[in-house]
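One structure is given below, encoded as structure tokens.
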Amino acid sequence: MKPAPFTYYDPHTLDEALGLLAVHGDAAKILAGGQSLVPLLNMRLAAPDVIVDINRLPDLDFVTTDNGLRVGALARQAMVERDAAVRDVAPLVTEAIAWVGHRQIRNRGTLVGSLAHADPAAEMPLVFLALDGELHLRRTSGSRRVSAGDFFVHIMTTALDPEEIATEASLPPVPPGSGSAFLEVARRHGDFAVAAIAVVVTIEAGRIRRARVALGGVGPTPLRATRAEERLVDEEPTNELFVEAALAASHDCEPVTDIHGTAEYRRELVRTMVYRGLGRAVVRARTGAAG
Amino acid sequence: MATELRVVGTPARKVDAAKLVTGYGTFTDDFFLPGMLHAKILTSPHAHARITRIDTSRAADHPGVHAAISHHDVARIPYTSAGQSWPEPSPYDQYILDSKVRFVGDYVAVVAAETPEAAEDALGLIDVEYEVLPPVLDMHDSMRPGAPVIHDEPESHGMYDAERNVAAHIEVEVGAVADGVTEADTVVSEDYFVQYQQHTCLEPHVTIAWLDEDGRLVLRTSTQIPYHCRRMVAFALDIPVRDVHVIKPRVGGGFGNKQEVVTEPLAAVLAIKTRRPVKLEYTRRDEFTIARMRHPQHLTMTVGARRDGSITATHMKVLTNTGPYGTHALTVTGNTGSKPLPLYRSPNIRFEADIVYTNLPISGAFRGYGAPQGFFALESAIDEMALALGSDPLEFRRANHIRKGDTDPVSAALAEGSAKKPRVMRSNGLPECLERGSEAIGWTAKRRGGMPLRPNEGPLVRGLGMCCLMQGSGVAGDELAAASIKMNEDASFTLMLGSADIGTGSDTTLAQIAAEVLGVPLEKILVRSGDTDHVTFDYGAYASSTAYITGQSVLKAAEDARRQIVSVAGQMLQEDAEALLVADERVSSSSGKTVTLQEIVMECLYGEEKTLISGRGTHATKESPPPFVAMFVEVEVDIEMGTIRPIHLVTAIDIGKALNPAICEGQVEGAVTQSLGYALTEEIVLSPEGRVLNPTFMDYKILCAADMPKLTTILVEDPEPTGPFGAKSVAEVAINGPAPAIANAVHDAVGIRLRHLPMTPDKVLEALGRL
């Protein structure tokens, strides 16, 4: 099928783009990489009256690593994937982004677009949740920053207002002594996750001072496994601890059964992956290895 | 014939490669006729219902619509869509349009309009009232007393027992299986369940139909069976065969799904009604819902053996879901038994099957044709038996497999009282396949033995599994092919074939045979195929028949032409024609005299005694020699996540002679890829109402390149005396393999038996007791 008719704009300035959104609001959709939007249009699952193509906006295709990570709205996932400096400041991003679709998709798809699309089984929302990321939102009348935790509201629903553009996503610097890991199970290479997890631990003086355990594909948004995190903090990292935390994480989610996996299987996957992820993250924290 | 082969046996470039890679007007849809209309089908939302009222008048009045027809507008002629030799062994239980719908997606009405959009819109203007009937949504319910009768109409015929929803029934016994079980020291008996699989041809079903300047119906269509299609469409429309002209362009995959007339009858009816060209093309969603699937089955496999390792009993019992129509019902399930059961010598063999109707998607022909289901059960059970006897599965198979010179006992039993002849194994390269395949995988070194995990072992466990396979080369006693060759003025040859190259490379392979015999390079053979007005008769591309059956007809046609060439050359050279040699585009005598083919053809056409060089060959045989495979696979099982990752898959395949090794390897790799999906990821998911829930490539999981294991293909050549240059078939046999080999490898790795396909991670965890 082909998309239902729509009016197409390709503004050349951010103000122009924001002005269009201010006028069209809900009736408009933003086109960046198009890797989710265009299939939705072609299958007529989405039929917006207006498409605002932001690909001609200047200065949004940046990736910077001076102080944490900043990714502009037009930075392609492949650009982030290949950036060696990203591996240093946010190794979890580099590890997870290779799981996003296929290479062809990453060549066009944008990281910020993936966050704004907010598929609960997608990799980047999960990672930004685990790393305390922020979204920078602009509108004609101003701007605001929203934490990843507040940004993801429901399945493919975010805190983004219709007149706003997410111009940037950022991650704070990771504290020293941190290690992270990303694991995913998909039916095939490049599929959306049946379940995925991201963990970040910070170790000081032999104890876990800070822990983030995030789960994907097992709820309406990426989830923080808060009971698992609480179980980990201030403890010595031991195998027994990881077993308990993993079990807690598997109870911190409400997976559903669909054609790609049962709820029980997903819960079991979460347990296994969080257990393995914690082991990997702690080793990386101790050795300072990538990840 | 030259003693050393010049063209046959080389990995020659495909004769259709250039147009395929440049995309030049190649496929059915790459064609446009002025005034062409687009057809769209209204399908049933109910699994089982009677159409109590249907009114297409509002749709017919919609702007741009030229026809909107329902069952009121077509003659009620029962037919089968199964493209088989006449009389088709499938029941005549289909109608171009009917007043009853028998699955979600059944044809209700069809519209032809100037644009696809207008046709689509008009579908919404068709008024239909249904009387919804109770459906049969599980094949185990089909034969239950009181089950809804799916074919209660009096006109349909050829079903085994319509009252009980049995489309076909099979019982065959060699010896006495009950005695064989009694004599056995060990008996293995288990149930196996296999699912719907879709062919996922890249090119969907598509037909362009029109009336030519003589008023004859032309069908440009994506088919495996141009001649059967012509006969069957003529029958279904009640028009003379001579008034139908079928053109098969390049085809983007068939795999059995196009051994059916699916889009042709509707397109034909619309073209005749509107007097305009009409295109009917399935969408991808249509392919996943209303085309055809591999038959789901419930198999019960029993094997008995003595302590000494000899098999005493082999018993396979099958329940098959044919869906609402019995297309290929009898024959597909027939092959579920007849292909695997002869593989191991056994004095007592029994095969019984019920093929039942349900209100679920339509099953049909699919590469392997029932054998993948049967081999999954047999080769799982043989593995289990070997281990139960404390024997190595490789050695157990070596000791028991069918030998050269053996008669296939199942075909012998089936042949009783018919004109058919039992199969005798005249070639059998299986011993060499076992030898080379096991070496390539590292069988002895890497077997793990299904032992419990050792304390220091991680959750990723590797194991090795194997299976043996066989198939046929054409339908024994039910094949006919013909070829003709004419010599052109530049000493090239036009080879005219009725066979259908559906991407298999058969046009190339067959041209290689002709080039070899005629002593010319491949580029001097111009292939014309797939057009019922212009080429010779052929049953079509199915049952792995083309290289073996049509190949032999090409060999005969080329030899016929060569005899004529040599005869002319004998006169030109004043030599005994019998002693002349044809090679390198010339005919030579042992005394050193020589004349070129160019000189010969000019002498024929313009010399003193004018004559045409024109060869023809027809071939029919009761033989169907099996190709053999020994397949080995190494897998890695994640015992916590339940995932199975195939690491390395080795296919050692005896094909008699590799006429074109590159094409042979392509066939094997394609078959293996398709069946890795069958083993691990592919399944049609149905709602409780019988609706397909995953009709997209997003949700129906065929494997992609990144999911593939390393593939090793070993071509073994034990010459088949009845085949062209010693060749037998290659296209299907390997597709029977990966599922049992992987199931056996999983057992080797972690000690569990998986008997439900596909082997998804949740099933693995369940079997491990972890879920």
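Labels used: A, B, ... for chains in the order of the structure tokens, numbers from 1 for residues in each chain, and numbers from 1 for ligands as shown.
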
Select, as an mmCIF file with N, CA, C and O atoms, in the first residue's frame, those residues of chain A with any atom no more than 10 Å from chain B (distances computed using only C-alpha atoms).
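Generated file (result07.cif):
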data_model
loop_
_atom_site.group_PDB
_atom_site.id
_atom_site.type_symbol
_atom_site.label_atom_id
_atom_site.label_comp_id
_atom_site.auth_asym_id
_atom_site.auth_seq_id
_atom_site.Cartn_x
_atom_site.Cartn_y
_atom_site.Cartn_z
ATOM 1 N N MET A 1 0.838 -1.207 0.000
ATOM 2 C CA MET A 1 0.000 0.000 0.000
ATOM 3 C C MET A 1 0.871 1.254 0.000
ATOM 4 O O MET A 1 2.036 1.201 0.324
ATOM 5 N N HIS A 102 18.401 -3.525 11.376
ATOM 6 C CA HIS A 102 19.504 -3.973 10.545
ATOM 7 C C HIS A 102 20.354 -2.756 10.194
ATOM 8 O O HIS A 102 19.940 -1.634 10.386
ATOM 9 N N VAL A 185 17.056 -10.905 23.670
ATOM 10 C CA VAL A 185 16.670 -12.081 22.895
ATOM 11 C C VAL A 185 15.604 -11.636 21.907
ATOM 12 O O VAL A 185 14.610 -11.006 22.284
ATOM 13 N N ALA A 186 15.866 -11.914 20.632
ATOM 14 C CA ALA A 186 14.888 -11.641 19.582
ATOM 15 C C ALA A 186 14.720 -12.932 18.794
ATOM 16 O O ALA A 186 15.598 -13.789 18.813
ATOM 17 N N ARG A 187 13.566 -13.072 18.114
ATOM 18 C CA ARG A 187 13.352 -14.303 17.359
ATOM 19 C C ARG A 187 14.367 -14.441 16.238
ATOM 20 O O ARG A 187 14.808 -15.524 15.919
ATOM 21 N N ARG A 188 14.707 -13.307 15.637
ATOM 22 C CA ARG A 188 15.705 -13.317 14.573
ATOM 23 C C ARG A 188 16.590 -12.102 14.747
ATOM 24 O O ARG A 188 16.193 -11.127 15.389
ATOM 25 N N HIS A 189 17.735 -12.122 14.084
ATOM 26 C CA HIS A 189 18.582 -10.953 14.022
ATOM 27 C C HIS A 189 17.763 -9.762 13.504
ATOM 28 O O HIS A 189 17.099 -9.865 12.485
ATOM 29 N N GLY A 190 17.797 -8.646 14.231
ATOM 30 C CA GLY A 190 17.144 -7.429 13.742
ATOM 31 C C GLY A 190 15.694 -7.272 14.142
ATOM 32 O O GLY A 190 15.100 -6.230 13.919
ATOM 33 N N ASP A 191 15.093 -8.301 14.734
ATOM 34 C CA ASP A 191 13.707 -8.172 15.190
ATOM 35 C C ASP A 191 13.636 -7.333 16.457
ATOM 36 O O ASP A 191 14.625 -7.186 17.180
ATOM 37 N N PHE A 192 12.438 -6.830 16.737
ATOM 38 C CA PHE A 192 12.220 -6.224 18.050
ATOM 39 C C PHE A 192 12.449 -7.282 19.118
ATOM 40 O O PHE A 192 12.237 -8.473 18.896
ATOM 41 N N ILE A 259 2.355 -13.235 20.028
ATOM 42 C CA ILE A 259 2.725 -14.306 19.104
ATOM 43 C C ILE A 259 4.229 -14.584 19.101
ATOM 44 O O ILE A 259 4.666 -15.574 18.552
ATOM 45 N N HIS A 260 5.018 -13.737 19.735
ATOM 46 C CA HIS A 260 6.465 -13.977 19.731
ATOM 47 C C HIS A 260 6.977 -14.587 21.023
ATOM 48 O O HIS A 260 8.143 -14.939 21.129
ATOM 49 N N GLY A 261 6.147 -14.680 22.039
ATOM 50 C CA GLY A 261 6.611 -15.290 23.275
ATOM 51 C C GLY A 261 5.553 -15.187 24.360
ATOM 52 O O GLY A 261 4.754 -14.248 24.381
ATOM 53 N N THR A 262 5.601 -16.149 25.269
ATOM 54 C CA THR A 262 4.623 -16.125 26.358
ATOM 55 C C THR A 262 5.122 -15.215 27.474
ATOM 56 O O THR A 262 6.312 -14.903 27.572
ATOM 57 N N GLU A 264 5.304 -16.002 30.583
ATOM 58 C CA GLU A 264 6.167 -16.788 31.462
ATOM 59 C C GLU A 264 7.586 -16.842 30.901
ATOM 60 O O GLU A 264 8.568 -16.734 31.618
ATOM 61 N N TYR A 265 7.658 -17.051 29.577
ATOM 62 C CA TYR A 265 8.983 -17.123 28.955
ATOM 63 C C TYR A 265 9.711 -15.788 29.089
ATOM 64 O O TYR A 265 10.897 -15.732 29.403
ATOM 65 N N ARG A 266 8.990 -14.693 28.893
ATOM 66 C CA ARG A 266 9.627 -13.376 28.987
ATOM 67 C C ARG A 266 10.142 -13.125 30.414
ATOM 68 O O ARG A 266 11.235 -12.594 30.618
ATOM 69 N N ARG A 267 9.343 -13.511 31.401
ATOM 70 C CA ARG A 267 9.762 -13.303 32.787
ATOM 71 C C ARG A 267 11.043 -14.107 33.075
ATOM 72 O O ARG A 267 11.978 -13.621 33.709
ATOM 73 N N GLU A 268 11.061 -15.315 32.551
ATOM 74 C CA GLU A 268 12.236 -16.174 32.740
ATOM 75 C C GLU A 268 13.464 -15.565 32.047
ATOM 76 O O GLU A 268 14.573 -15.584 32.578
ATOM 77 N N LEU A 269 13.227 -15.012 30.855
ATOM 78 C CA LEU A 269 14.324 -14.358 30.123
ATOM 79 C C LEU A 269 14.883 -13.195 30.933
ATOM 80 O O LEU A 269 16.104 -12.994 30.994
ATOM 81 N N VAL A 270 13.991 -12.391 31.518
ATOM 82 C CA VAL A 270 14.433 -11.243 32.309
ATOM 83 C C VAL A 270 15.339 -11.729 33.429
ATOM 84 O O VAL A 270 16.422 -11.190 33.671
ATOM 85 N N ARG A 271 14.917 -12.783 34.100
ATOM 86 C CA ARG A 271 15.704 -13.297 35.220
ATOM 87 C C ARG A 271 17.109 -13.700 34.737
ATOM 88 O O ARG A 271 18.122 -13.298 35.313
ATOM 89 N N THR A 272 17.147 -14.469 33.665
ATOM 90 C CA THR A 272 18.433 -14.943 33.152
ATOM 91 C C THR A 272 19.310 -13.789 32.674
ATOM 92 O O THR A 272 20.500 -13.729 32.968
ATOM 93 N N MET A 273 18.703 -12.868 31.958
ATOM 94 C CA MET A 273 19.510 -11.796 31.368
ATOM 95 C C MET A 273 19.999 -10.812 32.428
ATOM 96 O O MET A 273 21.129 -10.329 32.344
#

Name the residues in contact with Ala98 in chain A at a cut-off of 10 Å, using only C-alpha atoms, excluding same-chain residues fewer than 2 positions from it; report them as a VMD selection string. chain A and resid 77 to 78 81 to 82 93 to 96 100 to 103 106 123 190

Create the file for the chosen residues now, containing N, CA and C atoms and written as a PDB file, in the first residue's frame.
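Full text of out13.pdb as output:
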ATOM      1  N   GLN A  77      21.619   6.572  13.674  1.00  0.00           N
ATOM      2  CA  GLN A  77      22.110   5.580  14.615  1.00  0.00           C
ATOM      3  C   GLN A  77      23.482   5.043  14.204  1.00  0.00           C
ATOM      4  N   ALA A  78      23.701   4.906  12.891  1.00  0.00           N
ATOM      5  CA  ALA A  78      25.000   4.407  12.419  1.00  0.00           C
ATOM      6  C   ALA A  78      26.128   5.348  12.831  1.00  0.00           C
ATOM      7  N   GLU A  81      26.824   4.635  16.341  1.00  0.00           N
ATOM      8  CA  GLU A  81      27.422   3.300  16.446  1.00  0.00           C
ATOM      9  C   GLU A  81      28.912   3.330  16.113  1.00  0.00           C
ATOM     10  N   ARG A  82      29.273   4.111  15.109  1.00  0.00           N
ATOM     11  CA  ARG A  82      30.653   4.099  14.624  1.00  0.00           C
ATOM     12  C   ARG A  82      31.568   5.062  15.374  1.00  0.00           C
ATOM     13  N   VAL A  93      25.578   2.369  25.158  1.00  0.00           N
ATOM     14  CA  VAL A  93      24.934   2.806  23.918  1.00  0.00           C
ATOM     15  C   VAL A  93      25.526   2.050  22.737  1.00  0.00           C
ATOM     16  N   THR A  94      26.835   1.968  22.702  1.00  0.00           N
ATOM     17  CA  THR A  94      27.497   1.279  21.587  1.00  0.00           C
ATOM     18  C   THR A  94      27.116  -0.200  21.559  1.00  0.00           C
ATOM     19  N   GLU A  95      27.049  -0.798  22.762  1.00  0.00           N
ATOM     20  CA  GLU A  95      26.722  -2.223  22.817  1.00  0.00           C
ATOM     21  C   GLU A  95      25.287  -2.475  22.342  1.00  0.00           C
ATOM     22  N   ALA A  96      24.381  -1.606  22.728  1.00  0.00           N
ATOM     23  CA  ALA A  96      22.955  -1.843  22.431  1.00  0.00           C
ATOM     24  C   ALA A  96      22.577  -1.442  21.019  1.00  0.00           C
ATOM     25  N   VAL A 100      19.815  -2.588  17.095  1.00  0.00           N
ATOM     26  CA  VAL A 100      18.690  -1.843  16.517  1.00  0.00           C
ATOM     27  C   VAL A 100      18.514  -2.262  15.056  1.00  0.00           C
ATOM     28  N   GLY A 101      17.430  -2.928  14.752  1.00  0.00           N
ATOM     29  CA  GLY A 101      17.092  -3.289  13.368  1.00  0.00           C
ATOM     30  C   GLY A 101      18.264  -3.919  12.639  1.00  0.00           C
ATOM     31  N   HIS A 102      18.401  -3.525  11.376  1.00  0.00           N
ATOM     32  CA  HIS A 102      19.504  -3.973  10.545  1.00  0.00           C
ATOM     33  C   HIS A 102      20.354  -2.756  10.194  1.00  0.00           C
ATOM     34  N   ARG A 103      21.536  -3.024   9.646  1.00  0.00           N
ATOM     35  CA  ARG A 103      22.447  -1.927   9.314  1.00  0.00           C
ATOM     36  C   ARG A 103      21.769  -0.881   8.428  1.00  0.00           C
ATOM     37  N   ARG A 106      19.790   1.355  10.532  1.00  0.00           N
ATOM     38  CA  ARG A 106      20.599   2.264  11.355  1.00  0.00           C
ATOM     39  C   ARG A 106      21.249   3.361  10.518  1.00  0.00           C
ATOM     40  N   GLU A 123      15.518  -0.713  21.682  1.00  0.00           N
ATOM     41  CA  GLU A 123      16.739  -0.737  22.476  1.00  0.00           C
ATOM     42  C   GLU A 123      17.083   0.628  23.073  1.00  0.00           C
ATOM     43  N   GLY A 190      17.797  -8.646  14.231  1.00  0.00           N
ATOM     44  CA  GLY A 190      17.144  -7.429  13.742  1.00  0.00           C
ATOM     45  C   GLY A 190      15.694  -7.272  14.142  1.00  0.00           C
TER      46      GLY A 190
END

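Minimum atom-to-atom distance to Gly277 in chain A, evaluated using only C-alpha atoms, belongs to A:Ile197 out of A:Ile197, A:Leu241, A:Ala118, A:Leu92.
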
Distance query Lys317 in chain B at most 10 Å, only C-alpha atoms, self and fewer than 6 positions along chain excluded, as a ChimeraX atom specification: /B:170-171,191,298-302,336-337,350-354,374

Export, as a compact mmCIF listing (two decimals), in the first residue's frame, the selected residues with all heavy atoms.
# COMPACT_ATOMS: atom_id res chain seq x y z
N ILE B 170 -5.27 -43.48 3.61
CA ILE B 170 -4.22 -44.36 3.08
C ILE B 170 -3.95 -45.47 4.08
O ILE B 170 -3.88 -45.22 5.29
CB ILE B 170 -2.89 -43.58 2.86
CG1 ILE B 170 -3.10 -42.38 1.94
CG2 ILE B 170 -1.81 -44.49 2.32
CD1 ILE B 170 -1.93 -41.41 1.91
N GLU B 171 -3.79 -46.67 3.58
CA GLU B 171 -3.33 -47.79 4.41
C GLU B 171 -2.47 -48.68 3.54
O GLU B 171 -2.92 -49.13 2.48
CB GLU B 171 -4.52 -48.63 4.89
CG GLU B 171 -5.14 -48.15 6.19
CD GLU B 171 -6.23 -49.09 6.65
OE1 GLU B 171 -5.89 -50.25 7.01
OE2 GLU B 171 -7.39 -48.68 6.63
N ASP B 191 4.78 -39.37 19.53
CA ASP B 191 3.96 -38.50 18.69
C ASP B 191 4.75 -37.24 18.30
O ASP B 191 5.50 -36.70 19.11
CB ASP B 191 2.70 -38.08 19.45
CG ASP B 191 1.70 -39.23 19.56
OD1 ASP B 191 1.99 -40.31 19.01
OD2 ASP B 191 0.66 -39.04 20.20
N HIS B 298 -0.13 -34.55 12.63
CA HIS B 298 0.15 -35.22 13.89
C HIS B 298 0.60 -36.62 13.49
O HIS B 298 -0.17 -37.39 12.93
CB HIS B 298 -1.11 -35.24 14.75
CG HIS B 298 -1.00 -36.10 15.98
ND1 HIS B 298 -2.03 -36.24 16.88
CD2 HIS B 298 0.02 -36.86 16.47
CE1 HIS B 298 -1.65 -37.05 17.86
NE2 HIS B 298 -0.42 -37.44 17.63
N LEU B 299 1.86 -36.94 13.73
CA LEU B 299 2.41 -38.24 13.33
C LEU B 299 2.69 -39.09 14.57
O LEU B 299 3.16 -38.58 15.58
CB LEU B 299 3.73 -38.09 12.57
CG LEU B 299 3.72 -37.18 11.33
CD1 LEU B 299 4.33 -35.84 11.66
CD2 LEU B 299 4.49 -37.82 10.18
N THR B 300 2.38 -40.37 14.46
CA THR B 300 2.78 -41.32 15.50
C THR B 300 3.74 -42.30 14.85
O THR B 300 3.39 -42.97 13.88
CB THR B 300 1.55 -42.06 16.05
OG1 THR B 300 0.56 -41.09 16.42
CG2 THR B 300 1.93 -42.89 17.27
N MET B 301 4.96 -42.32 15.37
CA MET B 301 6.02 -43.11 14.74
C MET B 301 6.47 -44.19 15.71
O MET B 301 6.85 -43.90 16.84
CB MET B 301 7.19 -42.17 14.42
CG MET B 301 8.31 -42.80 13.63
SD MET B 301 7.86 -43.01 11.89
CE MET B 301 8.44 -44.69 11.62
N THR B 302 6.41 -45.42 15.24
CA THR B 302 6.83 -46.55 16.06
C THR B 302 7.92 -47.32 15.33
O THR B 302 7.76 -47.64 14.15
CB THR B 302 5.64 -47.48 16.35
OG1 THR B 302 4.59 -46.72 16.92
CG2 THR B 302 6.04 -48.61 17.29
N THR B 336 4.49 -38.52 2.68
CA THR B 336 4.94 -38.50 4.07
C THR B 336 5.40 -39.90 4.48
O THR B 336 6.36 -40.06 5.23
CB THR B 336 3.79 -38.04 4.99
OG1 THR B 336 3.39 -36.73 4.61
CG2 THR B 336 4.23 -38.02 6.45
N GLY B 337 4.70 -40.91 3.95
CA GLY B 337 5.10 -42.28 4.25
C GLY B 337 6.04 -42.86 3.21
O GLY B 337 7.06 -43.46 3.54
N ARG B 350 4.36 -50.41 8.08
CA ARG B 350 2.95 -50.04 7.91
C ARG B 350 2.84 -48.52 7.87
O ARG B 350 3.50 -47.82 8.63
CB ARG B 350 2.12 -50.61 9.07
CG ARG B 350 0.64 -50.27 8.96
CD ARG B 350 -0.18 -51.00 10.03
NE ARG B 350 -1.54 -50.47 10.04
CZ ARG B 350 -2.49 -50.82 9.16
NH1 ARG B 350 -2.23 -51.71 8.23
NH2 ARG B 350 -3.70 -50.27 9.23
N PHE B 351 1.98 -48.07 6.97
CA PHE B 351 1.73 -46.64 6.85
C PHE B 351 0.24 -46.42 6.74
O PHE B 351 -0.42 -47.04 5.91
CB PHE B 351 2.44 -46.08 5.61
CG PHE B 351 2.14 -44.64 5.34
CD1 PHE B 351 2.37 -43.68 6.32
CD2 PHE B 351 1.64 -44.23 4.12
CE1 PHE B 351 2.09 -42.33 6.09
CE2 PHE B 351 1.35 -42.89 3.88
CZ PHE B 351 1.58 -41.96 4.87
N GLU B 352 -0.31 -45.61 7.62
CA GLU B 352 -1.74 -45.32 7.55
C GLU B 352 -1.96 -43.84 7.81
O GLU B 352 -1.25 -43.23 8.61
CB GLU B 352 -2.51 -46.17 8.55
CG GLU B 352 -2.04 -46.02 9.98
CD GLU B 352 -2.58 -47.12 10.89
OE1 GLU B 352 -3.80 -47.16 11.07
OE2 GLU B 352 -1.77 -47.92 11.40
N ALA B 353 -2.94 -43.28 7.12
CA ALA B 353 -3.15 -41.84 7.25
C ALA B 353 -4.59 -41.46 6.97
O ALA B 353 -5.25 -42.06 6.12
CB ALA B 353 -2.23 -41.10 6.29
N ASP B 354 -5.07 -40.48 7.72
CA ASP B 354 -6.32 -39.80 7.42
C ASP B 354 -5.99 -38.35 7.12
O ASP B 354 -5.29 -37.70 7.89
CB ASP B 354 -7.29 -39.87 8.61
CG ASP B 354 -7.91 -41.24 8.74
OD1 ASP B 354 -8.55 -41.69 7.77
OD2 ASP B 354 -7.75 -41.87 9.81
N GLY B 374 7.34 -36.40 7.42
CA GLY B 374 7.64 -37.80 7.68
C GLY B 374 9.06 -38.01 8.16
O GLY B 374 9.31 -38.81 9.08

DSSP on the backbone: which residues in range 25-239 of chain B end up as strand (DSSP E or B)? Give the answer as JSON, numbers by chain. {"B": [27, 37, 38, 39, 40, 41, 42, 43, 49, 50, 51, 52, 53, 54, 55, 65, 66, 67, 68, 69, 79, 82, 92, 94, 100, 101, 107, 108, 109, 110, 111, 112, 113, 127, 128, 129, 130, 131, 132, 157, 161, 166, 167, 168, 169, 170, 171, 172, 173, 174, 186, 187, 188, 189, 190, 191, 192, 193, 194, 198, 206, 207, 208, 209, 210, 211, 217, 218, 219, 220, 221]}

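Across B:Glu173, B:Glu203, B:Asp238, B:Glu608, the tightest approach to Ala412 in chain B is made by B:Glu173 when counting only C-alpha atoms.
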
Need to verify the contact set: range 256-266 of chain B, 8 Å, only C-alpha atoms, exclusion of same-chain residues closer than 3 positions in sequence. Can you return it as a PyMOL selection string? chain B and resi 81-84+96+110+199+205-207+209+219+221-225+229+232-233+236-237+269-270+280-282+291-293+364-367+369+541-542

List as a PyMOL selection string the protein and nucleic acid residues near Pro135 in chain B, meaning an atom at most 8 Å away when only C-alpha atoms are counted, but skip any in the same chain fewer than 5 places from it. chain B and resi 47-48+148+358-359

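Taking only C-alpha atoms into account, Ala73 in chain A lies nearest to A:Ile30 out of the set A:Val256, A:Ala122, A:Ala22, A:Ile30.
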
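Across the structure, CA of Leu510 in chain B and CA of Ile208 in chain B are spaced 27.8 Å apart.
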
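Look at Leu223 in chain A: the protein and nucleic acid residues within 9 Å of it, using only C-alpha atoms and passing over chain neighbours fewer than 5 places away, are Pro120, Leu126, Leu129, Ala130, Gly149, Val213, Ala214, Leu215, Gly216, Gly217, Val218, Asp252 and Cys253 of chain A.
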
For the residues in that selection, give me N, CA, C and O atoms as a compact mmCIF listing (two decimals), in the first residue's frame.
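again-v7.txt, written as the output of this step:
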# COMPACT_ATOMS: atom_id res chain seq x y z
N PRO A 120 8.02 -0.06 23.14
CA PRO A 120 8.46 -0.62 24.42
C PRO A 120 9.50 -1.73 24.28
O PRO A 120 10.15 -2.08 25.28
N LEU A 126 15.33 1.93 26.26
CA LEU A 126 15.79 1.15 27.41
C LEU A 126 17.13 1.67 27.93
O LEU A 126 17.33 1.88 29.13
N LEU A 129 16.87 5.07 29.55
CA LEU A 129 16.29 4.96 30.88
C LEU A 129 17.35 4.49 31.88
O LEU A 129 17.48 5.04 32.98
N ALA A 130 18.14 3.51 31.48
CA ALA A 130 19.15 2.96 32.39
C ALA A 130 20.24 3.97 32.71
O ALA A 130 20.83 3.93 33.79
N GLY A 149 12.89 8.83 32.41
CA GLY A 149 11.90 8.20 33.29
C GLY A 149 10.52 8.84 33.16
O GLY A 149 9.50 8.15 33.26
N VAL A 213 18.78 -1.05 36.76
CA VAL A 213 18.35 -2.25 36.04
C VAL A 213 17.12 -1.85 35.24
O VAL A 213 16.09 -1.50 35.82
N ALA A 214 17.25 -1.88 33.93
CA ALA A 214 16.12 -1.48 33.07
C ALA A 214 15.72 -2.65 32.19
O ALA A 214 16.56 -3.44 31.74
N LEU A 215 14.41 -2.75 31.96
CA LEU A 215 13.85 -3.90 31.24
C LEU A 215 13.05 -3.42 30.03
O LEU A 215 12.29 -2.46 30.14
N GLY A 216 13.21 -4.11 28.91
CA GLY A 216 12.48 -3.74 27.70
C GLY A 216 11.66 -4.91 27.17
O GLY A 216 12.01 -6.07 27.37
N GLY A 217 10.55 -4.59 26.53
CA GLY A 217 9.71 -5.63 25.92
C GLY A 217 8.82 -6.35 26.91
O GLY A 217 8.17 -7.33 26.56
N VAL A 218 8.81 -5.90 28.16
CA VAL A 218 8.04 -6.61 29.18
C VAL A 218 7.06 -5.67 29.90
O VAL A 218 6.71 -5.90 31.04
N ASP A 252 9.53 -7.45 38.80
CA ASP A 252 9.34 -6.02 38.62
C ASP A 252 8.70 -5.69 37.27
O ASP A 252 8.66 -4.53 36.87
N CYS A 253 8.27 -6.69 36.55
CA CYS A 253 7.68 -6.40 35.23
C CYS A 253 6.39 -7.19 35.07
O CYS A 253 6.15 -8.16 35.77

Members of range 21-199 of chain A assigned helix (DSSP H, G or I) by DSSP, as a ChimeraX atom specification: /A:21-27,37-42,77-82,84-89,91-97,103-108,111-117,123-130,148-151

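Interatomic distance, CA of Pro521 in chain B to CA of Ser545 in chain B: 25.0 Å.
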
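Between CA of Ser114 in chain A and CA of Gly68 in chain A there is a distance of 19.5 Å.
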
When you look at Ile51 in chain A with a cut-off of 8 Å (counting only C-alpha atoms), what residues show up, excluding the ones that are within fewer than 4 positions of it in the same chain? I need them as a PyMOL selection string. chain A and resi 6-9+28-31

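The residue that comes closest to Leu453 in chain B, out of B:Ile663, B:Asp638, B:Gln674, B:Val303 and on the basis of only C-alpha atoms, is B:Asp638.
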
Nearest residue to Asp258 in chain A from the set B:Thr56, B:Ser588, B:Thr713, B:Ser687 (distances using only C-alpha atoms): B:Ser687
